[in-house]
Amino acid sequence: MSNEKGKYTTVSIPTPLAEKIKKRIEGTGFTSISSYVTYVLRELLASMEEEEEEVFSKEDEEKIKERLRALGYLD
Amino acid sequence: MPAPHGGKLVYRVNNKIEIADLPEIRIDEDMAKEVENIAYGVFSPIEGFICKNDFESILEHMRLENDIPWTIPIVFDIENGIKEGDEIILKAESGTTALFKIEEIYGYDKKKYAEQIFRTIDSAHPGVKRIMEMREKFAGGKITLIREGEEKFKKYYLKPYETRILFKEKGWRDVVAFQTRNVPHIGHEYVQKTALTFVDGIFINPIIGKKKKGDFKDEVILKSYETLIKNYYLKERAVMSILRTMMRYAGPREAIFHAIMRKNFGCTHFIVGRDHAGVGNYYGPYDAHEIFNEFPDLGITPIFFRSFFYCKKCGGVVNEKICPHGKEYHIYYSGTTIREMLIKGETPPENMMRKEVAEIIMSYENPFVE
């Protein structure tokens, strides 16, 4: 993959794995080993995304619930 | 519940900022909505109007510079006289007031911008036209909301931090979002209910804002959905709130953008229909489905639907996957046909639109934008 404006870097993977990927992507929409590896890694990392941290204090959260009740969203 | 896009829900609100000596720029209501969307995290992880590297990365790669998926640039075009490092106050007639710290000012290629986002440079496309009318430079930098503007539909204006708490309180783990800019017909209802069957709740999220002549008025859309939900949905399974942003008509790119915003509201699934966010014939009818293949890391699951229709032979609402009968048996749900009937004062048949919904629409002397 070209190093377009420094936005790409090279990662080494075992040659047999690269060969497997090459066969795997034949006839698919993937145009290169790099595009496949990028796709898989993005998918993997996204699946490991952590749960959100709480932005509001318990007190703030109660105020929000109160507003939601007043608007009829919560009983 | 999914983490907000980029991992953290943006919340940039501070009503204690001293603004007396700062220069002020008037912004229109569309821009005011973008400012509030940034501040309240609808656009998380974006914290302000984007700078050049993000702008170029979005155009080229449909991602922010840090590789997070993002398909529509959130930009602020500026007049001469403003420079990097300035702090200015953005103020709208509705009252929206925000501090804008200018980090970068940069030029851009309008044709490239239009081509990459809209796949056309045809100025008949409303998004292209908008770009061509923009000033020559953009300013990027963080926004802090000082005062929220007035909102006509305040009851329905929920922010992501509120919907996230709402879904949690309702015990909804899987939530499907439905984007709309129209009144509901039976086809819409079946799409929503088919998706709802597999999740805990549905988040009906009409886009409210500038519309073109002949569109249904925002008030009519909201009232008709209110009626539909009241009469045909379980109260504990459906929530409606508004999304205050302009339509870009960017088709597939906008479908991704719409999905990201709903992820920030706490949704796990997003319904994508035929020609989502399309206009004219600029996009293929299912381009907005295919683009999702490029984003394995989006963090929200698209649910793709083709059109539902009524089959006289089946005696019910079906779609092409489940109905074996010919087109001669099919009645298609056409927004245009329904609109024409309503203009003539005719009530659409009940296999096309719920009676209660039609009655609400017809109770308006003029339900359309003039």
# chains A, B, ... in the order shown; residues from 1 in each chain; ligands from 1
>>> closest_atom_pairs(of="chain B", to="chain A", cutoff="6 Å", atoms="only C-alpha atoms", output="tab-separated table")
residue	atom	partner	partner_atom	distance
B:Ala3	CA	A:Glu52	CA	4.7
B:Pro296	CA	A:Glu43	CA	4.8
B:Asp297	CA	A:Ala46	CA	4.9
>>> write_last_selection(atoms="C-alpha atoms", output="tab-separated table (two decimals), in the first residue's frame")
chain	number	residue	atom	x	y	z
B	3	ALA	CA	-20.41	3.37	23.67
B	296	PRO	CA	-16.97	-2.93	10.10
B	297	ASP	CA	-16.17	-0.62	13.00
>>> select_by_dssp(residues="chain A", states="helix (DSSP H, G or I)", output="PyMOL selection string")
chain A and resi 4-6+15-24+33-47+58-70
>>> residues_around(residues="range 218-221 of chain B", least_positions_apart="4", cutoff="7 Å", atoms="only C-alpha atoms", output="ChimeraX atom specification")
/B:182-183,208,225,361,367
>>> residues_around(residues="range 126-142 of chain B", least_positions_apart="2", cutoff="7 Å", atoms="only C-alpha atoms", output="count of residues only")
28
>>> residues_around(residues="range 250-261 of chain B", least_positions_apart="4", cutoff="8 Å", atoms="only C-alpha atoms", output="mmCIF file with N, CA and C atoms, in the first residue's frame")
data_model
loop_
_atom_site.group_PDB
_atom_site.id
_atom_site.type_symbol
_atom_site.label_atom_id
_atom_site.label_comp_id
_atom_site.auth_asym_id
_atom_site.auth_seq_id
_atom_site.Cartn_x
_atom_site.Cartn_y
_atom_site.Cartn_z
ATOM 1 N N HIS B 5 -19.973 7.200 19.780
ATOM 2 C CA HIS B 5 -19.015 7.101 18.683
ATOM 3 C C HIS B 5 -17.696 7.745 19.113
ATOM 4 N N VAL B 42 -24.441 14.994 19.885
ATOM 5 C CA VAL B 42 -25.105 14.289 18.772
ATOM 6 C C VAL B 42 -24.059 13.924 17.726
ATOM 7 N N PHE B 43 -23.049 14.801 17.598
ATOM 8 C CA PHE B 43 -21.979 14.570 16.628
ATOM 9 C C PHE B 43 -20.711 13.988 17.278
ATOM 10 N N SER B 44 -20.810 13.420 18.473
ATOM 11 C CA SER B 44 -19.610 12.845 19.110
ATOM 12 C C SER B 44 -18.899 11.933 18.110
ATOM 13 N N TRP B 70 -16.451 8.668 9.731
ATOM 14 C CA TRP B 70 -17.179 9.943 9.683
ATOM 15 C C TRP B 70 -17.298 10.365 8.225
ATOM 16 N N THR B 71 -18.499 10.620 7.777
ATOM 17 C CA THR B 71 -18.692 10.774 6.329
ATOM 18 C C THR B 71 -19.123 12.162 5.861
ATOM 19 N N ILE B 72 -19.603 12.984 6.772
ATOM 20 C CA ILE B 72 -20.089 14.323 6.381
ATOM 21 C C ILE B 72 -19.312 15.391 7.154
ATOM 22 N N ILE B 117 -18.550 14.149 -1.645
ATOM 23 C CA ILE B 117 -19.668 13.947 -0.715
ATOM 24 C C ILE B 117 -20.952 13.558 -1.450
ATOM 25 N N PHE B 118 -21.214 14.224 -2.566
ATOM 26 C CA PHE B 118 -22.499 14.024 -3.244
ATOM 27 C C PHE B 118 -22.399 13.214 -4.537
ATOM 28 N N GLY B 127 -27.419 19.828 -2.135
ATOM 29 C CA GLY B 127 -26.186 19.841 -1.340
ATOM 30 C C GLY B 127 -25.057 20.535 -2.082
ATOM 31 N N GLN B 179 -35.271 6.730 11.126
ATOM 32 C CA GLN B 179 -35.109 8.104 10.645
ATOM 33 C C GLN B 179 -36.266 8.425 9.709
ATOM 34 N N PHE B 265 -27.163 8.535 20.338
ATOM 35 C CA PHE B 265 -28.379 8.578 21.164
ATOM 36 C C PHE B 265 -28.553 7.295 21.981
ATOM 37 N N PHE B 270 -30.040 0.466 13.290
ATOM 38 C CA PHE B 270 -30.517 1.601 12.510
ATOM 39 C C PHE B 270 -31.160 1.101 11.211
ATOM 40 N N VAL B 272 -32.301 1.210 7.524
ATOM 41 C CA VAL B 272 -31.921 1.892 6.280
ATOM 42 C C VAL B 272 -32.846 1.376 5.179
ATOM 43 N N ASP B 275 -33.178 4.138 -1.063
ATOM 44 C CA ASP B 275 -32.749 5.499 -1.418
ATOM 45 C C ASP B 275 -32.681 6.423 -0.201
ATOM 46 N N HIS B 276 -32.060 5.926 0.847
ATOM 47 C CA HIS B 276 -31.956 6.687 2.091
ATOM 48 C C HIS B 276 -31.219 8.018 1.843
ATOM 49 N N ALA B 277 -31.832 9.086 2.287
ATOM 50 C CA ALA B 277 -31.254 10.440 2.158
ATOM 51 C C ALA B 277 -30.931 10.819 0.716
ATOM 52 N N GLY B 278 -31.661 10.198 -0.198
ATOM 53 C CA GLY B 278 -31.416 10.496 -1.605
ATOM 54 C C GLY B 278 -32.249 11.666 -2.091
ATOM 55 N N VAL B 279 -31.926 12.111 -3.277
ATOM 56 C CA VAL B 279 -32.704 13.147 -3.944
ATOM 57 C C VAL B 279 -32.512 12.923 -5.444
ATOM 58 N N TYR B 283 -28.273 8.764 -6.761
ATOM 59 C CA TYR B 283 -27.747 7.547 -6.129
ATOM 60 C C TYR B 283 -28.600 6.357 -6.531
ATOM 61 N N ASP B 287 -27.640 1.986 -2.830
ATOM 62 C CA ASP B 287 -26.255 2.423 -2.542
ATOM 63 C C ASP B 287 -26.057 2.624 -1.039
ATOM 64 N N ALA B 288 -27.120 3.120 -0.399
ATOM 65 C CA ALA B 288 -27.019 3.403 1.045
ATOM 66 C C ALA B 288 -26.983 2.115 1.873
ATOM 67 N N HIS B 289 -27.288 1.000 1.265
ATOM 68 C CA HIS B 289 -27.118 -0.287 1.954
ATOM 69 C C HIS B 289 -25.663 -0.737 1.814
ATOM 70 N N ILE B 291 -22.885 0.774 1.242
ATOM 71 C CA ILE B 291 -21.786 1.531 1.855
ATOM 72 C C ILE B 291 -21.451 1.012 3.260
ATOM 73 N N PHE B 292 -22.417 0.415 3.923
ATOM 74 C CA PHE B 292 -22.155 -0.089 5.281
ATOM 75 C C PHE B 292 -21.097 -1.189 5.290
ATOM 76 N N LEU B 298 -18.328 0.475 12.705
ATOM 77 C CA LEU B 298 -19.274 1.576 12.906
ATOM 78 C C LEU B 298 -19.861 1.569 14.313
ATOM 79 N N ILE B 300 -22.795 0.354 15.192
ATOM 80 C CA ILE B 300 -24.260 0.283 15.186
ATOM 81 C C ILE B 300 -24.621 -0.611 14.002
ATOM 82 N N PRO B 302 -26.771 -1.887 10.970
ATOM 83 C CA PRO B 302 -27.829 -1.458 10.056
ATOM 84 C C PRO B 302 -28.830 -2.589 9.826
#
>>> residues_around(residues="Gly149 in chain B", least_positions_apart="4", cutoff="9 Å", atoms="only C-alpha atoms", output="mmCIF file with N, CA and C atoms, in the first residue's frame")
data_model
loop_
_atom_site.group_PDB
_atom_site.id
_atom_site.type_symbol
_atom_site.label_atom_id
_atom_site.label_comp_id
_atom_site.auth_asym_id
_atom_site.auth_seq_id
_atom_site.Cartn_x
_atom_site.Cartn_y
_atom_site.Cartn_z
ATOM 1 N N ALA B 32 -27.138 27.136 13.924
ATOM 2 C CA ALA B 32 -27.378 27.078 15.377
ATOM 3 C C ALA B 32 -27.650 25.635 15.810
ATOM 4 N N LYS B 33 -28.381 24.914 14.987
ATOM 5 C CA LYS B 33 -28.675 23.507 15.310
ATOM 6 C C LYS B 33 -27.391 22.681 15.302
ATOM 7 N N GLU B 36 -25.522 23.297 18.518
ATOM 8 C CA GLU B 36 -26.093 22.552 19.660
ATOM 9 C C GLU B 36 -25.827 21.049 19.522
ATOM 10 N N ALA B 92 -27.531 33.132 17.319
ATOM 11 C CA ALA B 92 -28.651 32.985 16.380
ATOM 12 C C ALA B 92 -29.860 33.726 16.913
ATOM 13 N N GLU B 93 -30.787 34.023 16.014
ATOM 14 C CA GLU B 93 -31.996 34.750 16.406
ATOM 15 C C GLU B 93 -32.789 33.988 17.470
ATOM 16 N N SER B 94 -32.748 32.668 17.388
ATOM 17 C CA SER B 94 -33.493 31.843 18.363
ATOM 18 C C SER B 94 -32.864 31.889 19.755
ATOM 19 N N GLY B 95 -31.674 32.466 19.854
ATOM 20 C CA GLY B 95 -31.033 32.597 21.159
ATOM 21 C C GLY B 95 -29.799 31.728 21.342
ATOM 22 N N THR B 96 -29.610 30.762 20.469
ATOM 23 C CA THR B 96 -28.427 29.905 20.584
ATOM 24 C C THR B 96 -27.172 30.783 20.623
ATOM 25 N N THR B 97 -26.360 30.578 21.646
ATOM 26 C CA THR B 97 -25.144 31.365 21.810
ATOM 27 C C THR B 97 -24.002 30.426 22.147
#
>>> atom_distance(atom1="CA of Pro45 in chain B", atom2="CA of Tyr11 in chain B")
9.8 Å
>>> select_by_dssp(residues="range 90-198 of chain B", states="strand (DSSP E or B)", output="PDB file with N, CA and C atoms, in the first residue's frame")
ATOM      1  N   LEU B  90     -20.859  33.016  18.589  1.00  0.00           N
ATOM      2  CA  LEU B  90     -21.839  32.718  17.545  1.00  0.00           C
ATOM      3  C   LEU B  90     -23.218  32.903  18.163  1.00  0.00           C
ATOM      4  N   LYS B  91     -24.065  33.650  17.476  1.00  0.00           N
ATOM      5  CA  LYS B  91     -25.376  33.924  18.051  1.00  0.00           C
ATOM      6  C   LYS B  91     -26.458  33.828  16.969  1.00  0.00           C
ATOM      7  N   ALA B  92     -27.531  33.132  17.319  1.00  0.00           N
ATOM      8  CA  ALA B  92     -28.651  32.985  16.380  1.00  0.00           C
ATOM      9  C   ALA B  92     -29.860  33.726  16.913  1.00  0.00           C
ATOM     10  N   THR B  97     -26.360  30.578  21.646  1.00  0.00           N
ATOM     11  CA  THR B  97     -25.144  31.365  21.810  1.00  0.00           C
ATOM     12  C   THR B  97     -24.002  30.426  22.147  1.00  0.00           C
ATOM     13  N   ALA B  98     -22.877  30.591  21.456  1.00  0.00           N
ATOM     14  CA  ALA B  98     -21.754  29.677  21.699  1.00  0.00           C
ATOM     15  C   ALA B  98     -20.430  30.394  21.511  1.00  0.00           C
ATOM     16  N   LEU B  99     -19.433  29.881  22.216  1.00  0.00           N
ATOM     17  CA  LEU B  99     -18.066  30.381  22.043  1.00  0.00           C
ATOM     18  C   LEU B  99     -17.368  29.500  21.012  1.00  0.00           C
ATOM     19  N   PHE B 100     -16.711  30.132  20.054  1.00  0.00           N
ATOM     20  CA  PHE B 100     -16.009  29.416  18.987  1.00  0.00           C
ATOM     21  C   PHE B 100     -14.543  29.847  19.032  1.00  0.00           C
ATOM     22  N   LYS B 101     -13.670  28.919  19.400  1.00  0.00           N
ATOM     23  CA  LYS B 101     -12.235  29.212  19.425  1.00  0.00           C
ATOM     24  C   LYS B 101     -11.636  28.782  18.095  1.00  0.00           C
ATOM     25  N   GLU B 104      -7.986  26.993  13.279  1.00  0.00           N
ATOM     26  CA  GLU B 104      -7.390  26.929  11.942  1.00  0.00           C
ATOM     27  C   GLU B 104      -8.342  27.528  10.912  1.00  0.00           C
ATOM     28  N   ILE B 105      -7.758  28.227   9.954  1.00  0.00           N
ATOM     29  CA  ILE B 105      -8.537  28.729   8.822  1.00  0.00           C
ATOM     30  C   ILE B 105      -7.930  28.128   7.564  1.00  0.00           C
ATOM     31  N   TYR B 106      -8.772  27.583   6.721  1.00  0.00           N
ATOM     32  CA  TYR B 106      -8.222  26.886   5.549  1.00  0.00           C
ATOM     33  C   TYR B 106      -9.144  27.002   4.332  1.00  0.00           C
ATOM     34  N   GLY B 107      -8.515  26.952   3.185  1.00  0.00           N
ATOM     35  CA  GLY B 107      -9.262  26.978   1.936  1.00  0.00           C
ATOM     36  C   GLY B 107      -9.640  25.562   1.530  1.00  0.00           C
ATOM     37  N   LYS B 137     -13.504  30.151   2.553  1.00  0.00           N
ATOM     38  CA  LYS B 137     -12.663  29.533   3.593  1.00  0.00           C
ATOM     39  C   LYS B 137     -13.494  28.977   4.745  1.00  0.00           C
ATOM     40  N   PHE B 138     -12.938  27.953   5.373  1.00  0.00           N
ATOM     41  CA  PHE B 138     -13.560  27.375   6.561  1.00  0.00           C
ATOM     42  C   PHE B 138     -12.722  27.722   7.791  1.00  0.00           C
ATOM     43  N   ALA B 139     -13.416  27.794   8.931  1.00  0.00           N
ATOM     44  CA  ALA B 139     -12.716  27.929  10.207  1.00  0.00           C
ATOM     45  C   ALA B 139     -13.000  26.675  11.023  1.00  0.00           C
ATOM     46  N   GLY B 140     -11.946  26.118  11.595  1.00  0.00           N
ATOM     47  CA  GLY B 140     -12.108  24.945  12.464  1.00  0.00           C
ATOM     48  C   GLY B 140     -11.758  25.297  13.890  1.00  0.00           C
ATOM     49  N   GLY B 141     -12.394  24.638  14.834  1.00  0.00           N
ATOM     50  CA  GLY B 141     -12.085  24.882  16.243  1.00  0.00           C
ATOM     51  C   GLY B 141     -13.232  24.443  17.135  1.00  0.00           C
ATOM     52  N   LYS B 142     -12.942  24.379  18.424  1.00  0.00           N
ATOM     53  CA  LYS B 142     -13.936  23.849  19.366  1.00  0.00           C
ATOM     54  C   LYS B 142     -15.050  24.848  19.679  1.00  0.00           C
ATOM     55  N   ILE B 143     -16.184  24.272  19.996  1.00  0.00           N
ATOM     56  CA  ILE B 143     -17.395  25.030  20.323  1.00  0.00           C
ATOM     57  C   ILE B 143     -17.746  24.790  21.788  1.00  0.00           C
ATOM     58  N   THR B 144     -18.173  25.830  22.459  1.00  0.00           N
ATOM     59  CA  THR B 144     -18.782  25.643  23.784  1.00  0.00           C
ATOM     60  C   THR B 144     -20.114  26.365  23.791  1.00  0.00           C
ATOM     61  N   LEU B 145     -21.174  25.630  24.042  1.00  0.00           N
ATOM     62  CA  LEU B 145     -22.515  26.227  24.056  1.00  0.00           C
ATOM     63  C   LEU B 145     -22.716  27.004  25.353  1.00  0.00           C
ATOM     64  N   ILE B 146     -23.147  28.245  25.192  1.00  0.00           N
ATOM     65  CA  ILE B 146     -23.387  29.087  26.368  1.00  0.00           C
ATOM     66  C   ILE B 146     -24.885  29.149  26.668  1.00  0.00           C
ATOM     67  N   ARG B 147     -25.663  29.226  25.610  1.00  0.00           N
ATOM     68  CA  ARG B 147     -27.114  29.283  25.804  1.00  0.00           C
ATOM     69  C   ARG B 147     -27.813  28.515  24.693  1.00  0.00           C
ATOM     70  N   VAL B 175     -31.920  -1.240  20.856  1.00  0.00           N
ATOM     71  CA  VAL B 175     -32.845  -0.185  20.427  1.00  0.00           C
ATOM     72  C   VAL B 175     -32.637   0.091  18.943  1.00  0.00           C
ATOM     73  N   VAL B 176     -33.727   0.061  18.192  1.00  0.00           N
ATOM     74  CA  VAL B 176     -33.604   0.354  16.762  1.00  0.00           C
ATOM     75  C   VAL B 176     -34.081   1.779  16.498  1.00  0.00           C
ATOM     76  N   ALA B 177     -33.316   2.492  15.688  1.00  0.00           N
ATOM     77  CA  ALA B 177     -33.665   3.878  15.350  1.00  0.00           C
ATOM     78  C   ALA B 177     -34.307   3.930  13.976  1.00  0.00           C
ATOM     79  N   PHE B 178     -35.327   4.771  13.877  1.00  0.00           N
ATOM     80  CA  PHE B 178     -35.973   4.989  12.581  1.00  0.00           C
ATOM     81  C   PHE B 178     -35.899   6.466  12.243  1.00  0.00           C
ATOM     82  N   GLN B 179     -35.271   6.730  11.126  1.00  0.00           N
ATOM     83  CA  GLN B 179     -35.109   8.104  10.645  1.00  0.00           C
ATOM     84  C   GLN B 179     -36.266   8.425   9.709  1.00  0.00           C
ATOM     85  N   THR B 180     -36.858   9.600   9.856  1.00  0.00           N
ATOM     86  CA  THR B 180     -37.924   9.949   8.912  1.00  0.00           C
ATOM     87  C   THR B 180     -37.962  11.448   8.669  1.00  0.00           C
TER      88      THR B 180
END
>>> atom_distance(atom1="CA of Phe216 in chain B", atom2="CA of Ser307 in chain B")
21.1 Å
>>> residues_around(residues="Tyr190 in chain B", least_positions_apart="3", cutoff="10 Å", atoms="only C-alpha atoms", output="list in words")
His185, Ile186, Gly187, Lys193, Thr194, Ala195, Leu196, Ser307, Phe308, Phe309, Val317, Val318 and Asn319 of chain B
>>> write_last_selection(atoms="N, CA and C atoms", output="short mmCIF file (atom, residue, chain, number, x, y, z; two decimals), in the first residue's frame")
data_model
loop_
_atom_site.label_atom_id
_atom_site.label_comp_id
_atom_site.auth_asym_id
_atom_site.auth_seq_id
_atom_site.Cartn_x
_atom_site.Cartn_y
_atom_site.Cartn_z
N HIS B 185 -46.96 6.19 6.63
CA HIS B 185 -47.99 5.37 6.00
C HIS B 185 -47.80 3.93 6.48
N ILE B 186 -48.64 3.05 6.01
CA ILE B 186 -48.62 1.68 6.51
C ILE B 186 -47.27 1.00 6.23
N GLY B 187 -46.68 1.33 5.10
CA GLY B 187 -45.37 0.73 4.78
C GLY B 187 -44.33 1.07 5.83
N LYS B 193 -42.24 -1.97 12.73
CA LYS B 193 -42.68 -3.07 13.61
C LYS B 193 -41.93 -4.37 13.32
N THR B 194 -41.54 -4.55 12.08
CA THR B 194 -40.73 -5.74 11.76
C THR B 194 -39.41 -5.66 12.50
N ALA B 195 -38.79 -4.49 12.48
CA ALA B 195 -37.52 -4.32 13.19
C ALA B 195 -37.74 -4.44 14.70
N LEU B 196 -38.80 -3.82 15.17
CA LEU B 196 -39.08 -3.81 16.62
C LEU B 196 -39.28 -5.22 17.17
N SER B 307 -38.77 -2.23 -0.05
CA SER B 307 -40.11 -1.68 0.18
C SER B 307 -41.12 -2.73 0.63
N PHE B 308 -42.01 -2.31 1.50
CA PHE B 308 -43.18 -3.11 1.85
C PHE B 308 -44.32 -2.68 0.94
N PHE B 309 -45.24 -3.60 0.66
CA PHE B 309 -46.41 -3.24 -0.14
C PHE B 309 -47.58 -4.12 0.28
N VAL B 317 -49.85 -6.86 4.39
CA VAL B 317 -48.65 -6.12 4.02
C VAL B 317 -47.47 -7.09 3.97
N VAL B 318 -46.75 -7.07 2.87
CA VAL B 318 -45.66 -8.03 2.63
C VAL B 318 -44.48 -7.30 2.00
N ASN B 319 -43.45 -8.05 1.71
CA ASN B 319 -42.35 -7.49 0.92
C ASN B 319 -41.90 -8.53 -0.10
#
>>> atom_distance(atom1="CA of Met240 in chain B", atom2="CA of Phe203 in chain B")
5.8 Å
